[in-house]
Amino acid sequence: MMKLYWSPRTRSFSSLWLMEETGQPYERVLTDLSKGAQKTPEYLAINPMGKVPALQDGEAALAEAAAICAYVAERYPQARLAPPPGDPLRAKYLYWLFFSPGCIEPAMVQVATKIEMNPVAAGWGEAQRVFDVLDAALVKGPWILGDTFSAADIMIGSGLNFAVRLFKMVPSRASFDRYLDRCATRPAFQRASAIAAG
Ligand SMILES: N[C@@H](CCC(=O)N[C@@H](CS)C(=O)NCC(=O)O)C(=O)O
């Protein structure tokens, strides 16, 4: 059984939501960040960055929320969390899965901290453009790939939920609000929220 190392009110929400979407049994290991559980030698052997989330699957271990999405979607194809290889939708799926940590997350941090960056050198360019691109992609909906829900929605939905709704780091937009409302109607999102709330 897969083991998910997680902590409430952290980026590990995406992995909780992901595991709930699979419908597969998994073990949750509550990792107390305030007690430094993420910096013990045992934990660092799983994720040398000393951060949650992390996932153990037999002899395999990995961290990074988006990588966990890609791994679990591949391990449980029956959950249909990723368009299969050969499906033209897979290109956009991979694009949005990587866009989340590569562009959305740093843009959120930049907006929240107001740090100035040269947009040519910054991998995400201009924060405003990141949110404009996301806005345009979410206007039609219901999901980032259109009619197909995927693990890319788990990354984008959890990131937006964290930054727009929970921590109010980034101003919302009509398309973000509608999208987040749709995410929140998913039973797996609701179960993950209940688990995270304790
Ligand atoms: N790039 C990582 C970031 C993970 C991360 O920053 N986790 C934070 C909580 S949101 C953490 O574990 N912080 C504890 C620490 O740094 O000691 C991912 O996307 O999974």
# chains A, B, ... in the order shown; residues from 1 in each chain; ligands from 1

call {"tool": "residues_near_ligand", "arguments": {"ligand": "ligand 1", "cutoff": "8 Å", "atoms": "only C-alpha atoms and all ligand atoms", "output": "number ranges by chain"}}
result
A: 7, 9-12, 33, 36, 38-39, 49-54, 63-66, 101

call {"tool": "residues_around", "arguments": {"residues": "Ala174 of chain A", "least_positions_apart": "6", "cutoff": "12 Å", "atoms": "only C-alpha atoms", "output": "PyMOL selection string"}}
result
chain A and resi 132+134-136+138-140+164+180-181

call {"tool": "residues_around", "arguments": {"residues": "Ala163 of chain A", "least_positions_apart": "6", "cutoff": "8 Å", "atoms": "only C-alpha atoms", "output": "PyMOL selection string"}}
result
chain A and resi 108+169-170

call {"tool": "write_last_selection", "arguments": {"atoms": "C-alpha atoms", "output": "PDB file, in the first residue's frame"}}
result
ATOM      1  CA  MET A 108       2.137  33.436  -6.635  1.00  0.00           C
ATOM      2  CA  MET A 169      -2.054  35.829  -1.632  1.00  0.00           C
ATOM      3  CA  VAL A 170      -3.428  36.394  -5.117  1.00  0.00           C
TER       4      VAL A 170
END

call {"tool": "select_by_dssp", "arguments": {"residues": "segment 101-142 of chain A", "states": "alpha helix (DSSP H)", "output": "ChimeraX atom specification"}}
result
/A:105-113,127-140

call {"tool": "write_last_selection", "arguments": {"atoms": "N, CA, C and O atoms", "output": "PDB file, in the first residue's frame"}}
result
ATOM      1  N   GLU A 105       3.235  28.594  -9.313  1.00  0.00           N
ATOM      2  CA  GLU A 105       3.732  28.729  -7.936  1.00  0.00           C
ATOM      3  C   GLU A 105       4.716  29.890  -7.779  1.00  0.00           C
ATOM      4  O   GLU A 105       4.538  30.735  -6.899  1.00  0.00           O
ATOM      5  N   PRO A 106       5.760  30.007  -8.634  1.00  0.00           N
ATOM      6  CA  PRO A 106       6.653  31.163  -8.453  1.00  0.00           C
ATOM      7  C   PRO A 106       5.941  32.495  -8.679  1.00  0.00           C
ATOM      8  O   PRO A 106       6.261  33.491  -8.012  1.00  0.00           O
ATOM      9  N   ALA A 107       4.956  32.525  -9.587  1.00  0.00           N
ATOM     10  CA  ALA A 107       4.224  33.782  -9.814  1.00  0.00           C
ATOM     11  C   ALA A 107       3.444  34.163  -8.554  1.00  0.00           C
ATOM     12  O   ALA A 107       3.380  35.339  -8.173  1.00  0.00           O
ATOM     13  N   MET A 108       2.869  33.165  -7.885  1.00  0.00           N
ATOM     14  CA  MET A 108       2.137  33.436  -6.635  1.00  0.00           C
ATOM     15  C   MET A 108       3.083  34.000  -5.573  1.00  0.00           C
ATOM     16  O   MET A 108       2.756  34.957  -4.871  1.00  0.00           O
ATOM     17  N   VAL A 109       4.235  33.383  -5.466  1.00  0.00           N
ATOM     18  CA  VAL A 109       5.204  33.846  -4.463  1.00  0.00           C
ATOM     19  C   VAL A 109       5.641  35.270  -4.800  1.00  0.00           C
ATOM     20  O   VAL A 109       5.749  36.131  -3.923  1.00  0.00           O
ATOM     21  N   GLN A 110       5.837  35.536  -6.084  1.00  0.00           N
ATOM     22  CA  GLN A 110       6.271  36.873  -6.480  1.00  0.00           C
ATOM     23  C   GLN A 110       5.199  37.920  -6.157  1.00  0.00           C
ATOM     24  O   GLN A 110       5.507  38.993  -5.639  1.00  0.00           O
ATOM     25  N   VAL A 111       3.942  37.583  -6.443  1.00  0.00           N
ATOM     26  CA  VAL A 111       2.856  38.530  -6.145  1.00  0.00           C
ATOM     27  C   VAL A 111       2.783  38.771  -4.636  1.00  0.00           C
ATOM     28  O   VAL A 111       2.651  39.905  -4.167  1.00  0.00           O
ATOM     29  N   ALA A 112       2.900  37.686  -3.857  1.00  0.00           N
ATOM     30  CA  ALA A 112       2.779  37.815  -2.404  1.00  0.00           C
ATOM     31  C   ALA A 112       3.945  38.581  -1.791  1.00  0.00           C
ATOM     32  O   ALA A 112       3.774  39.327  -0.832  1.00  0.00           O
ATOM     33  N   THR A 113       5.142  38.409  -2.348  1.00  0.00           N
ATOM     34  CA  THR A 113       6.318  39.032  -1.735  1.00  0.00           C
ATOM     35  C   THR A 113       6.713  40.345  -2.419  1.00  0.00           C
ATOM     36  O   THR A 113       7.563  41.077  -1.904  1.00  0.00           O
ATOM     37  N   ALA A 127       4.354  37.655 -13.667  1.00  0.00           N
ATOM     38  CA  ALA A 127       3.281  37.030 -12.888  1.00  0.00           C
ATOM     39  C   ALA A 127       1.909  37.330 -13.516  1.00  0.00           C
ATOM     40  O   ALA A 127       1.053  36.447 -13.632  1.00  0.00           O
ATOM     41  N   GLN A 128       1.729  38.582 -13.942  1.00  0.00           N
ATOM     42  CA  GLN A 128       0.447  38.978 -14.516  1.00  0.00           C
ATOM     43  C   GLN A 128       0.104  38.108 -15.728  1.00  0.00           C
ATOM     44  O   GLN A 128      -1.031  37.654 -15.890  1.00  0.00           O
ATOM     45  N   ARG A 129       1.102  37.853 -16.537  1.00  0.00           N
ATOM     46  CA  ARG A 129       0.871  37.048 -17.738  1.00  0.00           C
ATOM     47  C   ARG A 129       0.525  35.596 -17.367  1.00  0.00           C
ATOM     48  O   ARG A 129      -0.310  34.960 -18.003  1.00  0.00           O
ATOM     49  N   VAL A 130       1.191  35.078 -16.323  1.00  0.00           N
ATOM     50  CA  VAL A 130       0.897  33.709 -15.877  1.00  0.00           C
ATOM     51  C   VAL A 130      -0.599  33.609 -15.540  1.00  0.00           C
ATOM     52  O   VAL A 130      -1.302  32.688 -15.981  1.00  0.00           O
ATOM     53  N   PHE A 131      -1.096  34.613 -14.781  1.00  0.00           N
ATOM     54  CA  PHE A 131      -2.501  34.543 -14.369  1.00  0.00           C
ATOM     55  C   PHE A 131      -3.445  34.820 -15.542  1.00  0.00           C
ATOM     56  O   PHE A 131      -4.541  34.259 -15.601  1.00  0.00           O
ATOM     57  N   ASP A 132      -3.004  35.645 -16.501  1.00  0.00           N
ATOM     58  CA  ASP A 132      -3.823  35.873 -17.700  1.00  0.00           C
ATOM     59  C   ASP A 132      -3.938  34.586 -18.531  1.00  0.00           C
ATOM     60  O   ASP A 132      -5.014  34.246 -19.028  1.00  0.00           O
ATOM     61  N   VAL A 133      -2.807  33.876 -18.654  1.00  0.00           N
ATOM     62  CA  VAL A 133      -2.802  32.631 -19.440  1.00  0.00           C
ATOM     63  C   VAL A 133      -3.702  31.588 -18.768  1.00  0.00           C
ATOM     64  O   VAL A 133      -4.502  30.904 -19.414  1.00  0.00           O
ATOM     65  N   LEU A 134      -3.597  31.519 -17.443  1.00  0.00           N
ATOM     66  CA  LEU A 134      -4.415  30.564 -16.691  1.00  0.00           C
ATOM     67  C   LEU A 134      -5.900  30.936 -16.792  1.00  0.00           C
ATOM     68  O   LEU A 134      -6.761  30.073 -17.020  1.00  0.00           O
ATOM     69  N   ASP A 135      -6.179  32.214 -16.655  1.00  0.00           N
ATOM     70  CA  ASP A 135      -7.542  32.731 -16.760  1.00  0.00           C
ATOM     71  C   ASP A 135      -8.148  32.317 -18.100  1.00  0.00           C
ATOM     72  O   ASP A 135      -9.249  31.733 -18.166  1.00  0.00           O
ATOM     73  N   ALA A 136      -7.408  32.566 -19.189  1.00  0.00           N
ATOM     74  CA  ALA A 136      -7.912  32.253 -20.535  1.00  0.00           C
ATOM     75  C   ALA A 136      -8.179  30.749 -20.670  1.00  0.00           C
ATOM     76  O   ALA A 136      -9.143  30.329 -21.298  1.00  0.00           O
ATOM     77  N   ALA A 137      -7.316  29.927 -20.041  1.00  0.00           N
ATOM     78  CA  ALA A 137      -7.472  28.467 -20.158  1.00  0.00           C
ATOM     79  C   ALA A 137      -8.641  27.952 -19.333  1.00  0.00           C
ATOM     80  O   ALA A 137      -9.198  26.898 -19.629  1.00  0.00           O
ATOM     81  N   LEU A 138      -8.995  28.701 -18.279  1.00  0.00           N
ATOM     82  CA  LEU A 138     -10.054  28.211 -17.384  1.00  0.00           C
ATOM     83  C   LEU A 138     -11.434  28.777 -17.736  1.00  0.00           C
ATOM     84  O   LEU A 138     -12.440  28.293 -17.206  1.00  0.00           O
ATOM     85  N   VAL A 139     -11.467  29.785 -18.611  1.00  0.00           N
ATOM     86  CA  VAL A 139     -12.746  30.441 -18.910  1.00  0.00           C
ATOM     87  C   VAL A 139     -13.773  29.431 -19.412  1.00  0.00           C
ATOM     88  O   VAL A 139     -14.920  29.417 -18.971  1.00  0.00           O
ATOM     89  N   LYS A 140     -13.346  28.552 -20.332  1.00  0.00           N
ATOM     90  CA  LYS A 140     -14.316  27.628 -20.933  1.00  0.00           C
ATOM     91  C   LYS A 140     -14.699  26.509 -19.950  1.00  0.00           C
ATOM     92  O   LYS A 140     -15.870  26.301 -19.675  1.00  0.00           O
TER      93      LYS A 140
END

call {"tool": "residues_around", "arguments": {"residues": "Gly198 of chain A", "least_positions_apart": "4", "cutoff": "9 Å", "atoms": "only C-alpha atoms", "output": "PDB file with all heavy atoms, in the first residue's frame"}}
result
ATOM      1  N   PRO A   8      -1.210  19.026   7.666  1.00  0.00           N
ATOM      2  CA  PRO A   8      -2.331  19.927   7.342  1.00  0.00           C
ATOM      3  C   PRO A   8      -1.849  21.308   6.914  1.00  0.00           C
ATOM      4  O   PRO A   8      -0.777  21.749   7.323  1.00  0.00           O
ATOM      5  CB  PRO A   8      -3.131  20.022   8.641  1.00  0.00           C
ATOM      6  CG  PRO A   8      -2.492  19.115   9.620  1.00  0.00           C
ATOM      7  CD  PRO A   8      -1.186  18.634   9.074  1.00  0.00           C
ATOM      8  N   SER A 193     -10.384  17.519   2.125  1.00  0.00           N
ATOM      9  CA  SER A 193     -10.539  18.697   2.993  1.00  0.00           C
ATOM     10  C   SER A 193     -10.888  18.264   4.408  1.00  0.00           C
ATOM     11  O   SER A 193     -10.372  18.830   5.385  1.00  0.00           O
ATOM     12  CB  SER A 193     -11.636  19.624   2.481  1.00  0.00           C
ATOM     13  OG  SER A 193     -11.358  20.022   1.178  1.00  0.00           O
ATOM     14  N   ALA A 194     -11.765  17.256   4.521  1.00  0.00           N
ATOM     15  CA  ALA A 194     -12.167  16.778   5.842  1.00  0.00           C
ATOM     16  C   ALA A 194     -10.955  16.150   6.565  1.00  0.00           C
ATOM     17  O   ALA A 194     -10.740  16.383   7.760  1.00  0.00           O
ATOM     18  CB  ALA A 194     -13.303  15.770   5.729  1.00  0.00           C
TER      19      ALA A 194
END

call {"tool": "residues_around", "arguments": {"residues": "Gln24 of chain A", "least_positions_apart": "3", "cutoff": "9 Å", "atoms": "only C-alpha atoms", "output": "ChimeraX atom specification"}}
result
/A:1,19-21,76,79
